[in-house]
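Below is one structure, written out as structure tokens, with a few remarks after it.
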Amino acid sequence: MYDFGVGEMNPFIPLPTSLKDGIIESVLDKSPYSSQQGISELRQAISFDFKKNFGLYYEPDQICITPGPKDAIYKALLALIDPDSPQPQRVVSFLPSYEAFVAMPLLITNLPPLNLQTDENFYPIPANFKKLLNERNDIGVVIINSPNNPTGAVYPPRILRELSEIIKPYPHIAIISDEVYRVHNFTEKEFTYDSIARYLPDQTIVVGGMSKEVSGTGLRVGFAAGPAHVIKAMSLLNGHTCSCINYPTQVGYTKFLQSDTDLMERLKIRDILNERRKLILELFSTLPALKNCILGNADGAFYLFPKIDYFYGCTTPHGDIIKDDIQFSEYLLIEGKVVVLPGTYFNRPGHIRMAYAASDSSALTKGLTSMNNVLSILK
């Protein structure tokens with residue numbers, strides 16, 4: 001089986017030693033309750049990391065630790081959306097999007113998000129966004145995700161500036177910027193980073209975590225940084241839901257950040273992912289059947305989101321006609337033992353998502369070759 005479905009690195013890229021050592025030391029020493037906002041040492045380490053490596057300035061009391069980045073997004077939405085508003089507050093999301101960006105607004109408001117499709121590079125279209133904000137007075141939150149899941153797109157600074165200029169006249173609108181893949185930006189040889197929080201710090205909640213950054217998916221530690229009153233509300237939500245965050249993992253992440261003050265450990269992981277990215281892009285450009293897939297922007301995270309509608313109408317060896325991306329994905333699984341996710345799951349039919357973090361070069365080559373072979377026999 002060639003698994004391009006799961007979006008994680010662990011165990012194929014191991015956890016940093018300093019993180020594991022910190023967890024072990026804590027377990028052997030103590031594992032008490034911690035503050036509902038997160039231990040102060042970790043919040044201080046994240047504050048320092050933001051300032052030194054990402055050019056954002058948050059005091060420790062502007063940071064809340066959560067049981068994973070997804071939990072941070074959910075609690076940020078709960079803190080930002082006013083249930084007593086005269087009319088329901090709506091959430092804006094850019095498509096294709098992570099499934100949780102659709103599910104969470106539904107859970108909280110009983111209304112789906114207001115979805116805006118992106119362009120062929122998977123960038124938001126500022127004119128469409130501006131039109132939406134001009135036409136409606138019920139928007140409360142905008143979710144931005146760059147580097148992006150499912151596409152791998154990295155929003156360039158010009159797009160982030162344009163979006164911030166459009167939102168700025170609406171100080172009541174908050175932004176949740178999901179930056180869980182922030183280190184995995186391959187647009188330049190040297191590490192580059194930008195965030196809408198640079199332009200609208202008083203309206204933005206930045207969400208991150210160790211799951212995608214240091215191969216710590218199962219350890220479930222995330223964080224949110226932003227205006228102190230929102231962070232206070234999120235901390236109260238922590239106290240009344242999860243009580244507090246896993247103490248040893250907080251200690252481990254603290255030790256890691258204290259040892260990786262120059263980003264070198266995280267950039268080593270980024271470089272490993274970039275080598276895999278280069279290989280998979282090369283295979284798409286050289287294997288004959290895969291050349292028919294149109295690749296969009298894949299400058300970050302560890303995903304490709306190729307367009308595969310070229311194969312619609314093709315007949316399989318068993319006489320079935322491929323009609324959509326779900327049937328296409330099922331065909332790859334059954335005939336090629338290749339696992340991908342249909343773009344329909346992310347609200348962009350005609351595409352598939354491929355995660356390449358959990359495969360080494362040999363598995364990537366074998367998996368893409370198998371995919372090419374089963375596509376080559378379509379009629």
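Chain labels A, B, ... are given in the sequence in which chains occur in the structure tokens; within each chain residues are numbered consecutively from 1, and ligands are likewise numbered from 1 in the order shown.
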| query | Do you know which residues are at most 12 Å from region 255-271 of chain A counting only C-alpha atoms, after dropping those on the same chain fewer than 6 positions away, and could you put them as an MDAnalysis selection string? | reply | chainID A and resid 9:10 12:26 41:54 181:192 209:216 248:249 277:278 299:302 357
| Exercise: Leu95 (chain A) partners within 8 Å, only C-alpha atoms, chain neighbours under 3 positions left out, as a PyMOL selection string | chain A and resi 115-118+122+346-348
| Nearest to Met371 (chain A), chosen from A:Ala72, A:Ala355, A:Val340, A:Ala298, with only C-alpha atoms counted in the distances |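 So, comparing all the options, the nearest one is A:Val340.
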| remark: From the list A:Asn121, A:Ser97, A:Asn297, A:Ser31, the nearest residue to Thr344 (chain A) using only C-alpha atoms is A:Ser97
| Using only C-alpha atoms, which of A:Thr241, A:Leu281, A:Phe101, A:Val251 sits nearest Lys30 (chain A)? |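 Checking each of A:Thr241, A:Leu281, A:Phe101, A:Val251 against Lys30 (chain A), counting only C-alpha atoms, the winner is A:Val251.
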